[in-house]
Structure formats: C-alpha cells, structure tokens
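Have a look at my_file.txt; it's compact mmCIF, C-alpha atoms:
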```txt
# COMPACT_ATOMS: atom_id res chain seq x y z
CA MET A 1 89.59 6.12 19.47
CA ALA A 2 88.39 9.73 19.76
CA PHE A 3 85.55 10.97 17.56
CA VAL A 4 83.15 8.29 16.36
CA LEU A 5 80.76 10.88 14.91
CA VAL A 6 81.31 14.53 14.04
CA ARG A 7 77.99 16.14 13.33
CA ILE A 8 76.54 19.44 12.19
CA ASP A 9 73.07 19.79 13.64
CA ASP A 10 71.39 23.12 14.31
CA ARG A 11 69.47 21.49 17.17
CA LEU A 12 72.80 20.44 18.68
CA ILE A 13 72.21 17.54 21.07
CA HIS A 14 68.64 16.21 20.83
CA GLY A 15 66.73 12.97 20.43
CA GLN A 16 68.27 11.82 17.14
CA VAL A 17 71.72 12.29 18.64
CA THR A 18 71.20 10.87 22.12
CA LEU A 19 68.89 8.01 21.16
CA ALA A 20 69.44 7.05 17.54
CA TRP A 21 73.19 7.73 17.21
CA GLY A 22 73.87 7.19 20.90
CA SER A 23 72.36 3.72 20.94
CA SER A 24 74.05 2.83 17.67
CA LEU A 25 77.58 4.03 18.58
CA ASN A 26 77.58 3.69 22.38
CA PRO A 27 79.81 6.73 23.01
CA ASP A 28 81.48 7.53 26.33
CA VAL A 29 80.81 11.23 25.92
CA MET A 30 78.95 13.75 23.77
CA VAL A 31 80.96 16.90 23.15
CA LEU A 32 78.91 19.99 22.34
CA VAL A 33 81.01 22.82 20.94
CA ASN A 34 79.25 26.17 20.68
CA ASN A 35 80.32 29.59 21.92
CA ASP A 36 76.81 30.79 22.68
CA VAL A 37 75.77 27.71 24.67
CA ALA A 38 79.08 27.51 26.52
CA SER A 39 78.84 31.14 27.64
CA THR A 40 75.11 31.30 28.48
CA GLU A 41 74.35 29.75 31.83
CA TRP A 42 70.78 28.59 31.23
CA LYS A 43 71.59 27.10 27.82
CA ARG A 44 74.63 25.35 29.24
CA GLU A 45 72.48 23.96 32.04
CA LEU A 46 69.79 22.89 29.54
CA TYR A 47 72.19 20.84 27.45
CA SER A 48 74.15 19.54 30.43
CA THR A 49 70.98 18.02 31.86
CA THR A 50 69.72 16.56 28.58
CA ASP A 51 68.65 12.96 28.99
CA THR A 52 71.46 11.11 27.24
CA MET A 53 70.74 7.59 28.46
CA GLY A 54 73.61 7.96 30.91
CA VAL A 55 76.24 9.39 28.57
CA ARG A 56 78.33 12.35 29.83
CA ILE A 57 78.02 15.70 28.03
CA ASP A 58 80.92 18.15 27.75
CA VAL A 59 79.96 21.69 26.71
CA LEU A 60 82.75 23.96 25.46
CA GLY A 61 83.35 27.05 23.36
CA ILE A 62 85.49 26.73 20.23
CA ASP A 63 88.77 28.02 21.71
CA SER A 64 88.41 25.99 24.85
CA PHE A 65 87.64 22.86 22.81
CA LEU A 66 90.74 23.34 20.68
CA ASP A 67 92.88 23.84 23.83
CA HIS A 68 91.60 20.62 25.37
CA LEU A 69 91.91 18.78 22.07
CA ALA A 70 95.57 19.78 21.76
CA LYS A 71 96.17 18.42 25.27
CA GLY A 72 94.78 15.04 24.26
CA ARG A 73 91.44 15.12 26.05
CA TRP A 74 88.95 12.57 24.57
CA GLN A 75 91.73 10.63 22.84
CA SER A 76 91.03 7.51 24.87
CA GLU A 77 87.26 7.90 24.69
CA ASP A 78 84.62 7.32 22.04
CA ALA A 79 83.09 10.74 21.56
CA ILE A 80 80.24 12.18 19.51
CA LEU A 81 81.09 15.78 18.60
CA VAL A 82 78.24 18.15 17.72
CA VAL A 83 78.32 21.72 16.40
CA ASN A 84 75.42 23.71 14.97
CA SER A 85 76.98 25.18 11.83
CA ALA A 86 79.35 24.45 8.99
CA ALA A 87 81.28 27.61 9.94
CA ASP A 88 81.98 26.28 13.44
CA LEU A 89 83.06 22.91 12.13
CA LEU A 90 85.40 24.52 9.63
CA ALA A 91 86.89 26.55 12.51
CA LEU A 92 87.51 23.33 14.44
CA VAL A 93 89.14 21.61 11.48
CA ARG A 94 91.34 24.62 10.77
CA GLY A 95 92.16 24.76 14.48
CA GLY A 96 93.56 21.24 14.58
CA LEU A 97 90.68 18.77 14.64
CA SER A 98 91.73 15.85 12.47
CA ILE A 99 88.86 13.81 11.01
CA LYS A 100 88.04 11.83 7.88
CA GLN A 101 84.33 12.42 7.65
CA ILE A 102 81.56 14.68 8.88
CA ASN A 103 77.91 13.96 9.34
CA VAL A 104 75.36 16.62 8.41
CA GLY A 105 72.32 15.81 10.49
CA GLY A 106 70.26 18.96 10.46
CA MET A 107 70.59 22.36 8.82
CA HIS A 108 67.02 23.53 8.69
CA PHE A 109 65.27 26.13 6.59
CA SER A 110 65.60 29.81 7.29
CA ASP A 111 65.20 32.81 4.99
CA GLY A 112 67.46 32.70 1.95
CA LYS A 113 68.47 29.05 2.33
CA ARG A 114 68.03 26.54 -0.48
CA GLU A 115 66.99 22.92 -0.13
CA VAL A 116 69.51 20.13 -0.57
CA LEU A 117 67.60 17.50 1.37
CA ALA A 118 64.49 17.65 3.55
CA TYR A 119 66.74 18.28 6.56
CA VAL A 120 69.57 20.17 4.85
CA TYR A 121 69.16 23.77 3.64
CA VAL A 122 72.12 25.95 2.77
CA ASP A 123 73.03 29.52 1.90
CA ASP A 124 76.14 30.59 -0.03
CA ASP A 125 78.25 30.71 3.15
CA ASP A 126 77.22 27.17 4.10
CA ILE A 127 78.07 25.93 0.61
CA ARG A 128 81.51 27.59 0.76
CA ASP A 129 82.25 26.25 4.27
CA LEU A 130 81.13 22.69 3.50
CA LEU A 131 83.11 22.61 0.25
CA ASP A 132 86.15 24.01 2.11
CA ILE A 133 85.80 21.14 4.58
CA SER A 134 85.56 18.73 1.63
CA ASP A 135 88.67 20.28 0.04
CA LEU A 136 90.62 19.36 3.18
CA GLY A 137 90.03 15.72 2.29
CA ILE A 138 87.07 15.20 4.60
CA ALA A 139 83.98 13.34 3.39
CA VAL A 140 80.82 15.44 3.80
CA GLU A 141 77.91 13.10 4.30
CA ALA A 142 74.30 13.81 5.19
CA ARG A 143 72.46 11.28 7.34
CA ASP A 144 69.85 12.20 9.94
CA VAL A 145 69.68 8.84 11.72
CA PRO A 146 71.84 5.69 11.41
CA GLN A 147 68.98 3.87 9.72
CA SER A 148 68.93 6.34 6.78
CA GLU A 149 71.10 5.94 3.71
CA PRO A 150 74.08 8.32 3.79
CA VAL A 151 74.10 10.98 1.07
CA ASP A 152 77.30 12.50 -0.34
CA LEU A 153 76.58 16.23 -0.23
CA VAL A 154 79.51 17.43 -2.33
CA PRO A 155 78.04 16.89 -5.84
CA LYS A 156 74.79 18.53 -4.74
CA LEU A 157 76.64 21.50 -3.24
CA LEU A 158 78.76 21.92 -6.37
CA LYS A 159 75.61 22.00 -8.48
CA LEU A 160 74.03 24.64 -6.21
CA ARG A 161 77.22 26.73 -6.36
CA GLU A 162 77.19 26.66 -10.17
CA LYS A 163 73.60 27.88 -10.20
CA SER A 164 74.36 30.81 -7.90
CA THR A 165 77.33 32.11 -9.89
CA MET B 1 68.86 -19.32 28.55
CA THR B 2 67.48 -15.84 28.95
CA LYS B 3 64.71 -14.85 26.63
CA LEU B 4 65.95 -11.94 24.57
CA GLY B 5 63.67 -9.19 23.31
CA ARG B 6 64.13 -9.99 19.63
CA GLY B 7 60.80 -10.30 17.95
CA ILE B 8 58.92 -8.10 20.38
CA GLY B 9 56.10 -6.15 18.79
CA CYS B 10 53.87 -3.48 20.23
CA VAL B 11 50.33 -2.27 19.85
CA ILE B 12 49.59 1.25 20.99
CA VAL B 13 46.01 1.58 22.09
CA ALA B 14 45.16 5.19 22.75
CA HIS B 15 42.74 8.08 22.40
CA GLY B 16 42.35 10.08 19.21
CA GLU B 17 45.51 10.34 17.13
CA VAL B 18 47.87 9.78 20.05
CA GLY B 19 49.22 6.42 18.82
CA GLU B 20 49.91 7.43 15.22
CA GLY B 21 51.15 10.82 16.41
CA LEU B 22 53.67 9.39 18.86
CA MET B 23 54.86 6.88 16.26
CA GLY B 24 55.40 9.81 13.87
CA ALA B 25 57.69 11.30 16.51
CA VAL B 26 59.50 7.98 16.98
CA ARG B 27 60.03 7.78 13.21
CA GLY B 28 61.50 11.28 13.19
CA ILE B 29 63.92 10.48 15.98
CA LEU B 30 64.91 6.84 15.41
CA GLY B 31 63.89 6.19 11.81
CA THR B 32 61.19 3.83 10.53
CA GLN B 33 60.31 0.98 12.88
CA SER B 34 58.67 -2.36 12.18
CA GLY B 35 56.50 -4.62 14.28
CA TRP B 36 53.98 -2.14 15.62
CA ARG B 37 50.35 -1.15 15.20
CA ALA B 38 48.42 1.84 16.49
CA VAL B 39 44.76 1.44 17.43
CA THR B 40 42.53 4.40 18.24
CA ASN B 41 39.43 4.17 20.40
CA THR B 42 37.72 6.95 18.44
CA GLY B 43 34.19 5.91 17.54
CA LEU B 44 34.52 2.45 19.10
CA GLY B 45 32.62 0.90 21.98
CA LEU B 46 34.47 -1.47 24.32
CA PRO B 47 33.72 -4.71 22.40
CA GLU B 48 34.68 -3.11 19.06
CA LEU B 49 37.84 -1.67 20.57
CA GLU B 50 38.79 -5.05 21.97
CA THR B 51 38.25 -6.59 18.54
CA ALA B 52 40.41 -3.92 16.94
CA VAL B 53 43.23 -4.63 19.42
CA ARG B 54 42.97 -8.39 18.85
CA THR B 55 43.14 -7.82 15.09
CA ALA B 56 46.26 -5.69 15.52
CA ILE B 57 47.86 -8.39 17.70
CA LYS B 58 47.06 -11.02 15.06
CA GLU B 59 48.74 -8.86 12.43
CA LEU B 60 51.89 -9.11 14.54
CA ALA B 61 51.65 -12.90 14.58
CA GLY B 62 55.31 -13.31 13.60
CA MET B 63 56.39 -11.66 16.85
CA ARG B 64 57.33 -13.80 19.82
CA MET B 65 55.78 -11.34 22.20
CA VAL B 66 53.53 -8.31 22.02
CA VAL B 67 53.51 -5.40 24.44
CA LEU B 68 50.39 -3.28 24.63
CA PHE B 69 50.84 0.39 25.41
CA THR B 70 47.81 2.30 26.63
CA ASP B 71 47.69 6.00 27.35
CA MET B 72 45.43 6.27 30.37
CA PRO B 73 45.04 4.06 33.42
CA GLY B 74 41.36 3.29 33.79
CA GLY B 75 40.38 4.56 30.33
CA SER B 76 38.51 2.50 27.74
CA CYS B 77 41.74 1.55 25.96
CA HIS B 78 43.10 0.24 29.22
CA HIS B 79 39.90 -1.68 29.99
CA ALA B 80 39.83 -3.33 26.56
CA CYS B 81 43.46 -4.38 26.89
CA ARG B 82 43.10 -5.67 30.42
CA ASN B 83 40.49 -8.09 29.19
CA ILE B 84 42.84 -9.28 26.46
CA ILE B 85 45.89 -9.86 28.63
CA ARG B 86 43.85 -11.58 31.33
CA ASN B 87 43.92 -14.90 29.50
CA SER B 88 46.74 -14.44 27.02
CA GLU B 89 50.28 -15.74 27.16
CA GLY B 90 53.03 -13.58 25.78
CA ILE B 91 51.14 -10.29 25.97
CA ARG B 92 52.04 -7.62 28.51
CA MET B 93 50.71 -4.13 29.02
CA LEU B 94 52.27 -0.81 29.99
CA THR B 95 49.99 2.10 30.84
CA GLY B 96 50.60 5.84 31.01
CA LEU B 97 52.27 5.98 27.61
CA ASN B 98 54.61 8.83 26.78
CA LEU B 99 57.14 9.41 24.00
CA MET B 100 60.18 8.45 26.06
CA MET B 101 58.65 5.04 26.82
CA LEU B 102 58.25 4.28 23.13
CA LEU B 103 61.77 5.50 22.33
CA GLU B 104 63.22 3.32 25.07
CA PHE B 105 61.18 0.36 23.85
CA PHE B 106 62.35 0.64 20.24
CA VAL B 107 65.97 1.33 21.17
CA LYS B 108 66.25 -1.54 23.64
CA ARG B 109 63.84 -4.20 22.43
CA GLU B 110 66.47 -6.27 20.65
CA ARG B 111 69.11 -5.81 23.31
CA VAL B 112 67.81 -6.89 26.70
CA PRO B 113 65.66 -9.69 28.13
CA ILE B 114 61.94 -8.99 28.07
CA GLU B 115 61.40 -8.48 31.80
CA GLU B 116 64.30 -6.04 31.94
CA LEU B 117 62.94 -4.26 28.85
CA LEU B 118 59.53 -3.77 30.45
CA SER B 119 61.10 -2.44 33.59
CA LEU B 120 63.44 -0.08 31.70
CA VAL B 121 60.54 1.28 29.66
CA GLN B 122 58.51 1.84 32.82
CA GLU B 123 61.37 3.63 34.57
CA ARG B 124 62.15 5.77 31.52
CA GLY B 125 58.52 6.84 31.35
CA LYS B 126 58.47 7.91 34.99
CA ASP B 127 61.88 9.54 34.87
CA SER B 128 60.97 11.67 31.84
CA VAL B 129 58.33 13.59 33.82
CA ARG B 130 60.18 16.56 35.28
CA LEU B 131 59.40 19.99 36.66
CA SER B 132 61.47 22.99 35.66
```

Structure rendered as structure tokens:
Amino acid sequence: MAFVLVRIDDRLIHGQVTLAWGSSLNPDVMVLVNNDVASTEWKRELYSTTDTMGVRIDVLGIDSFLDHLAKGRWQSEDAILVVNSAADLLALVRGGLSIKQINVGGMHFSDGKREVLAYVYVDDDDIRDLLDISDLGIAVEARDVPQSEPVDLVPKLLKLREKST
Amino acid sequence: MTKLGRGIGCVIVAHGEVGEGLMGAVRGILGTQSGWRAVTNTGLGLPELETAVRTAIKELAGMRMVVLFTDMPGGSCHHACRNIIRNSEGIRMLTGLNLMMLLEFFVKRERVPIEELLSLVQERGKDSVRLS
C-alpha cells in the first residue's frame, strides 16, 4: 500500500510522528529521507534509535531513496515518509515518487519566514516549492497531529505570493 | 469478557507545575486530551492535598476507572494518593511519572485491557530512561 503519510517536518521524526501519527496509522516502517542525516553518522544513529513504539526506521539520502523506490522497496509495506523541507519533497516527487497528498506538519520560524499557521512559516522558496508540488496535482495539507483539522495550504500560499510580488 | 481501557481517566498529582507542564507537552505531541485533571501540592498540607485529589477524581465521575500518576515515590503527593487508593475500587496509582508514561497512557488507554495498560505504561516509563 506504500506511503500512508508523506510529511514535511523540520524536526523529521519526533513525538508527533512516532506517537500521534504512528498510533493512528500503524505503519510498518518510517522512512526518513535527508542527505545530511543519512551521511552524518551521529545523526543517523540518533534517528535510527528513536523510540518508535517498535516501528522500523529507514534512513536514506535522496538519491538512494529514489533508487530503492524505483526497485519497489516499501511497495508492500505501510510507510510514513518524512522529509524536512518542501525542496526535498519536490525533489522526490520530480524523481519519481507518486503521491496524491502531502502533509505539512512543521516548518518553523526562522529569519525571513512568514507565518501561515502557528507551525507553518514559509519564505519565497518554500512558497514556490509547495505550489509546484500542488501544480503536479498533489494536495498540500497542513495538519500537525491527526486530531487537528486539516488545512488546505494552497489558497494561503497563493495569497502570500501575491503580496510578495 | 476482558475489561477494555475505554473510559479510563487520570489524575496527575505532582509538585509545582509538573502536572500542567507535562500535560502541555502531551497536548503538543498528541493533541488535546479529555478525561484528566492535574493537581499540584503547592501550598497544600496532606489533608488538603488529599481533598484536592478526591475532588479531581469526582470530577472524572463519568470514567469507569481512574489512574493516579504521582511524580515521586515517598513524596507528599504519593502519600496522599496511597491513602485514597487504600480503600477505593477502580483507582490505581503509578509513581515516578515521566512524559513517556503519559504519552503511552493516552495513546493506549482505549486500545488494551486495563491491567495491560498499566503494565505498558510502567515499562515505557522505565525504558525511556537512558544514558548516552
């Protein structure tokens, strides 16, 4: 059944993902795709030993993920996929990841970012990348935990884009 | 038939702002939860603390069962609760509260029988203490 949740979260795999989404979706595996984590031993170790209530974690860089994806890995599993930026997710989608919807779970404030929701802040690059994802026919929904109401980000992003041009 | 955990409430009885603080963390991670109260021992003697816990339990009257969480074995919160559970049916206590115990409780409370729930919460609490 492949990816039951595809999430952008700058904290990558953490409590909301393992506990809230994990207990709601009961995945077989959590797939963390991030070049920095995959290539830095202590970060890789940190995420690989995260307490996931018994769920396996796969940590891969973008290219390696796309290779494995093309070979059909995860196709018979329920997987939660997590990346930490809209740019990375766009790279995955352009590289062959086929999905209908993404979940934006955490893009937190840093300098120059504007508020969309309490847990979603974006700069112009984020807006462009998220709208590019939307243009590929993928729903872009914000929702921090399953209990929250989902929010369609596209109208809000379009409004922000108008303001900045 | 096995008694399922549906309708299990909890009262956190702890020092200072520990109870409200931990529940703030639970809310951030799991979303808003129902069926809980936090009681602080700040400014309360043992009899007053016991009364405060009993009041909190009464407020959860709709629940089939109430679990008390206390933060410190042998502390005043623990003493007050021990006296309450001594003669009460349907009230259990877990001591040595940490965040992982509460998360496990709220995630699993509607999914497993009560005795299994208590044991899972206890194990999760112990297992979350690690040295790096």

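In chain B, the set of residues within 7 Å of chain A (atoms considered: only C-alpha atoms) is Ile29, Leu30, Gly31 and Val107 of chain B.
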
From the list A:Ile99, A:Ala91, A:Leu69, A:Ile57, which residue is nearest Val6 of chain A when using all atoms listed in the file?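 Of the candidates, the smallest distance to Val6 of chain A is held by A:Ile99.
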
| said: Residues within 10 Å of Ala52 of chain B, please, as a ChimeraX atom specification. Count only C-alpha atoms; anything in the same chain fewer than 2 positions from it doesn't count. | reply: /B:13,38-41,44,46-50,54-58,80

For the residues in the current selection, export C-alpha atoms as a compact mmCIF listing (two decimals), in the coordinates of the input.
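The file below, part_28.txt, is the result:
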```txt
# COMPACT_ATOMS: atom_id res chain seq x y z
CA VAL B 13 46.01 1.58 22.09
CA ALA B 38 48.42 1.84 16.49
CA VAL B 39 44.76 1.44 17.43
CA THR B 40 42.53 4.40 18.24
CA ASN B 41 39.43 4.17 20.40
CA LEU B 44 34.52 2.45 19.10
CA LEU B 46 34.47 -1.47 24.32
CA PRO B 47 33.72 -4.71 22.40
CA GLU B 48 34.68 -3.11 19.06
CA LEU B 49 37.84 -1.67 20.57
CA GLU B 50 38.79 -5.05 21.97
CA ARG B 54 42.97 -8.39 18.85
CA THR B 55 43.14 -7.82 15.09
CA ALA B 56 46.26 -5.69 15.52
CA ILE B 57 47.86 -8.39 17.70
CA LYS B 58 47.06 -11.02 15.06
CA ALA B 80 39.83 -3.33 26.56
```

The distance between atom CA of Met63 of chain B and atom CA of Gly35 of chain B is 7.5 Å

Leu22 of chain B: which residues within 9 Å, counting all atoms listed in the file, same-chain residues fewer than 3 positions away excluded, as a PyMOL selection string? chain B and resi 17-19+25-27+98-99+102

*asked:* Let me make sure I understand: among B:Val11, B:Ala61, B:Met72, B:Val66, which one has the smallest atom-to-atom distance to Leu97 of chain B if we use all atoms listed in the file?
replied: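 Of B:Val11, B:Ala61, B:Met72, B:Val66, the one nearest Leu97 of chain B is B:Met72, counting all atoms listed in the file.
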
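Across the model, the gap from atom CA of Glu20 of chain B to atom CA of Leu12 of chain A is 26.6 Å.
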
Taken to one decimal, the atom CA of Glu115 of chain A-atom CA of Leu157 of chain A distance is 10.2 Å

| message | Quick one: residues within 7 Å of Val31 of chain A, only C-alpha atoms, excluding same-chain residues fewer than 4 positions away - as number ranges by chain? | response | A: 57-59, 79-82

message: I'd like to know which of A:Asp123, A:Leu66, A:Ser76, A:Leu117 is closest to Ala142 of chain A, using only C-alpha atoms.
response: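 Ranking A:Asp123, A:Leu66, A:Ser76, A:Leu117 by distance to Ala142 of chain A, first place goes to A:Leu117.
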
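Candidate residues A:Leu60, A:Val104, A:Leu92, A:Leu97 were compared for distance to Arg11 of chain A, and the nearest is A:Val104, using only C-alpha atoms.
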
Min atom-atom distance to Val154 of chain A from the set A:Asp129, A:Asp63, A:Asp28, A:Asp9, counting all atoms listed in the file, belongs to A:Asp129

With all atoms listed in the file as the counted atoms, please give the residues lying no more than 9 Å from Lys108 of chain B, apart from itself and same-chain residues fewer than 5 positions off, as a PyMOL selection string.
(chain A and resi 23) or (chain B and resi 5+103+117+120-121)

TODO: Could you tell me which of A:Asn84, A:Glu162, A:Val122, A:Glu41 comes closest to Ile13 of chain A if we count only C-alpha atoms?
DONE: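 Among A:Asn84, A:Glu162, A:Val122, A:Glu41, it is A:Asn84 that comes nearest to Ile13 of chain A.
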
Please produce segment 46-81 of chain A, completed to N, CA and C atoms, as a PDB file, in the frame of the given file.
```pdb
ATOM      1  N   LEU A  46      70.780  23.650  30.312  1.00  0.00           N
ATOM      2  CA  LEU A  46      69.790  22.890  29.540  1.00  0.00           C
ATOM      3  C   LEU A  46      70.437  21.690  28.855  1.00  0.00           C
ATOM      4  N   TYR A  47      71.551  21.941  28.179  1.00  0.00           N
ATOM      5  CA  TYR A  47      72.190  20.840  27.450  1.00  0.00           C
ATOM      6  C   TYR A  47      72.919  19.882  28.388  1.00  0.00           C
ATOM      7  N   SER A  48      73.440  20.412  29.491  1.00  0.00           N
ATOM      8  CA  SER A  48      74.150  19.540  30.430  1.00  0.00           C
ATOM      9  C   SER A  48      73.213  18.556  31.112  1.00  0.00           C
ATOM     10  N   THR A  49      71.930  18.910  31.187  1.00  0.00           N
ATOM     11  CA  THR A  49      70.980  18.020  31.860  1.00  0.00           C
ATOM     12  C   THR A  49      70.103  17.275  30.866  1.00  0.00           C
ATOM     13  N   THR A  50      70.465  17.324  29.579  1.00  0.00           N
ATOM     14  CA  THR A  50      69.720  16.560  28.580  1.00  0.00           C
ATOM     15  C   THR A  50      69.783  15.072  28.936  1.00  0.00           C
ATOM     16  N   ASP A  51      68.680  14.394  28.702  1.00  0.00           N
ATOM     17  CA  ASP A  51      68.650  12.960  28.990  1.00  0.00           C
ATOM     18  C   ASP A  51      69.426  12.217  27.890  1.00  0.00           C
ATOM     19  N   THR A  52      70.596  11.724  28.254  1.00  0.00           N
ATOM     20  CA  THR A  52      71.460  11.110  27.240  1.00  0.00           C
ATOM     21  C   THR A  52      71.577   9.615  27.440  1.00  0.00           C
ATOM     22  N   MET A  53      70.662   9.012  28.148  1.00  0.00           N
ATOM     23  CA  MET A  53      70.740   7.590  28.460  1.00  0.00           C
ATOM     24  C   MET A  53      72.058   7.305  29.204  1.00  0.00           C
ATOM     25  N   GLY A  54      72.455   8.221  30.052  1.00  0.00           N
ATOM     26  CA  GLY A  54      73.610   7.960  30.910  1.00  0.00           C
ATOM     27  C   GLY A  54      74.961   8.374  30.348  1.00  0.00           C
ATOM     28  N   VAL A  55      74.974   8.987  29.161  1.00  0.00           N
ATOM     29  CA  VAL A  55      76.240   9.390  28.570  1.00  0.00           C
ATOM     30  C   VAL A  55      76.601  10.811  29.028  1.00  0.00           C
ATOM     31  N   ARG A  56      77.869  11.033  29.379  1.00  0.00           N
ATOM     32  CA  ARG A  56      78.330  12.350  29.830  1.00  0.00           C
ATOM     33  C   ARG A  56      78.254  13.374  28.692  1.00  0.00           C
ATOM     34  N   ILE A  57      77.971  14.633  29.034  1.00  0.00           N
ATOM     35  CA  ILE A  57      78.020  15.700  28.030  1.00  0.00           C
ATOM     36  C   ILE A  57      79.057  16.732  28.440  1.00  0.00           C
ATOM     37  N   ASP A  58      79.982  17.046  27.540  1.00  0.00           N
ATOM     38  CA  ASP A  58      80.920  18.150  27.750  1.00  0.00           C
ATOM     39  C   ASP A  58      80.473  19.318  26.879  1.00  0.00           C
ATOM     40  N   VAL A  59      80.346  20.495  27.473  1.00  0.00           N
ATOM     41  CA  VAL A  59      79.960  21.690  26.710  1.00  0.00           C
ATOM     42  C   VAL A  59      81.122  22.672  26.728  1.00  0.00           C
ATOM     43  N   LEU A  60      81.595  23.054  25.537  1.00  0.00           N
ATOM     44  CA  LEU A  60      82.750  23.960  25.460  1.00  0.00           C
ATOM     45  C   LEU A  60      82.587  24.956  24.324  1.00  0.00           C
ATOM     46  N   GLY A  61      83.233  26.113  24.473  1.00  0.00           N
ATOM     47  CA  GLY A  61      83.350  27.050  23.360  1.00  0.00           C
ATOM     48  C   GLY A  61      84.456  26.562  22.416  1.00  0.00           C
ATOM     49  N   ILE A  62      84.545  27.189  21.255  1.00  0.00           N
ATOM     50  CA  ILE A  62      85.490  26.730  20.230  1.00  0.00           C
ATOM     51  C   ILE A  62      86.948  26.771  20.709  1.00  0.00           C
ATOM     52  N   ASP A  63      87.366  27.896  21.286  1.00  0.00           N
ATOM     53  CA  ASP A  63      88.770  28.020  21.710  1.00  0.00           C
ATOM     54  C   ASP A  63      89.108  27.016  22.798  1.00  0.00           C
ATOM     55  N   SER A  64      88.185  26.911  23.747  1.00  0.00           N
ATOM     56  CA  SER A  64      88.410  25.990  24.850  1.00  0.00           C
ATOM     57  C   SER A  64      88.479  24.538  24.352  1.00  0.00           C
ATOM     58  N   PHE A  65      87.603  24.203  23.389  1.00  0.00           N
ATOM     59  CA  PHE A  65      87.640  22.860  22.810  1.00  0.00           C
ATOM     60  C   PHE A  65      88.998  22.586  22.167  1.00  0.00           C
ATOM     61  N   LEU A  66      89.471  23.550  21.396  1.00  0.00           N
ATOM     62  CA  LEU A  66      90.740  23.340  20.680  1.00  0.00           C
ATOM     63  C   LEU A  66      91.910  23.205  21.669  1.00  0.00           C
ATOM     64  N   ASP A  67      91.861  23.982  22.777  1.00  0.00           N
ATOM     65  CA  ASP A  67      92.880  23.840  23.830  1.00  0.00           C
ATOM     66  C   ASP A  67      92.903  22.427  24.389  1.00  0.00           C
ATOM     67  N   HIS A  68      91.702  21.958  24.773  1.00  0.00           N
ATOM     68  CA  HIS A  68      91.600  20.620  25.370  1.00  0.00           C
ATOM     69  C   HIS A  68      91.993  19.534  24.369  1.00  0.00           C
ATOM     70  N   LEU A  69      91.593  19.755  23.117  1.00  0.00           N
ATOM     71  CA  LEU A  69      91.910  18.780  22.070  1.00  0.00           C
ATOM     72  C   LEU A  69      93.428  18.640  21.922  1.00  0.00           C
ATOM     73  N   ALA A  70      94.116  19.790  21.924  1.00  0.00           N
ATOM     74  CA  ALA A  70      95.570  19.780  21.760  1.00  0.00           C
ATOM     75  C   ALA A  70      96.251  19.060  22.916  1.00  0.00           C
ATOM     76  N   LYS A  71      95.591  19.090  24.094  1.00  0.00           N
ATOM     77  CA  LYS A  71      96.170  18.420  25.270  1.00  0.00           C
ATOM     78  C   LYS A  71      95.787  16.943  25.330  1.00  0.00           C
ATOM     79  N   GLY A  72      95.060  16.477  24.332  1.00  0.00           N
ATOM     80  CA  GLY A  72      94.780  15.040  24.260  1.00  0.00           C
ATOM     81  C   GLY A  72      93.526  14.572  24.973  1.00  0.00           C
ATOM     82  N   ARG A  73      92.706  15.524  25.441  1.00  0.00           N
ATOM     83  CA  ARG A  73      91.440  15.120  26.050  1.00  0.00           C
ATOM     84  C   ARG A  73      90.604  14.372  25.000  1.00  0.00           C
ATOM     85  N   TRP A  74      89.832  13.417  25.404  1.00  0.00           N
ATOM     86  CA  TRP A  74      88.950  12.570  24.570  1.00  0.00           C
ATOM     87  C   TRP A  74      89.708  11.546  23.730  1.00  0.00           C
ATOM     88  N   GLN A  75      91.046  11.536  23.761  1.00  0.00           N
ATOM     89  CA  GLN A  75      91.730  10.630  22.840  1.00  0.00           C
ATOM     90  C   GLN A  75      91.555   9.157  23.214  1.00  0.00           C
ATOM     91  N   SER A  76      91.245   8.908  24.491  1.00  0.00           N
ATOM     92  CA  SER A  76      91.030   7.510  24.870  1.00  0.00           C
ATOM     93  C   SER A  76      89.553   7.204  25.053  1.00  0.00           C
ATOM     94  N   GLU A  77      88.703   8.121  24.547  1.00  0.00           N
ATOM     95  CA  GLU A  77      87.260   7.900  24.690  1.00  0.00           C
ATOM     96  C   GLU A  77      86.608   7.856  23.309  1.00  0.00           C
ATOM     97  N   ASP A  78      85.448   7.221  23.239  1.00  0.00           N
ATOM     98  CA  ASP A  78      84.620   7.320  22.040  1.00  0.00           C
ATOM     99  C   ASP A  78      83.694   8.504  22.221  1.00  0.00           C
ATOM    100  N   ALA A  79      83.847   9.506  21.375  1.00  0.00           N
ATOM    101  CA  ALA A  79      83.090  10.740  21.560  1.00  0.00           C
ATOM    102  C   ALA A  79      82.255  11.069  20.333  1.00  0.00           C
ATOM    103  N   ILE A  80      81.045  11.577  20.576  1.00  0.00           N
ATOM    104  CA  ILE A  80      80.240  12.180  19.510  1.00  0.00           C
ATOM    105  C   ILE A  80      80.424  13.688  19.649  1.00  0.00           C
ATOM    106  N   LEU A  81      80.870  14.334  18.579  1.00  0.00           N
ATOM    107  CA  LEU A  81      81.090  15.780  18.600  1.00  0.00           C
ATOM    108  C   LEU A  81      79.967  16.449  17.818  1.00  0.00           C
TER     109      LEU A  81
END
```
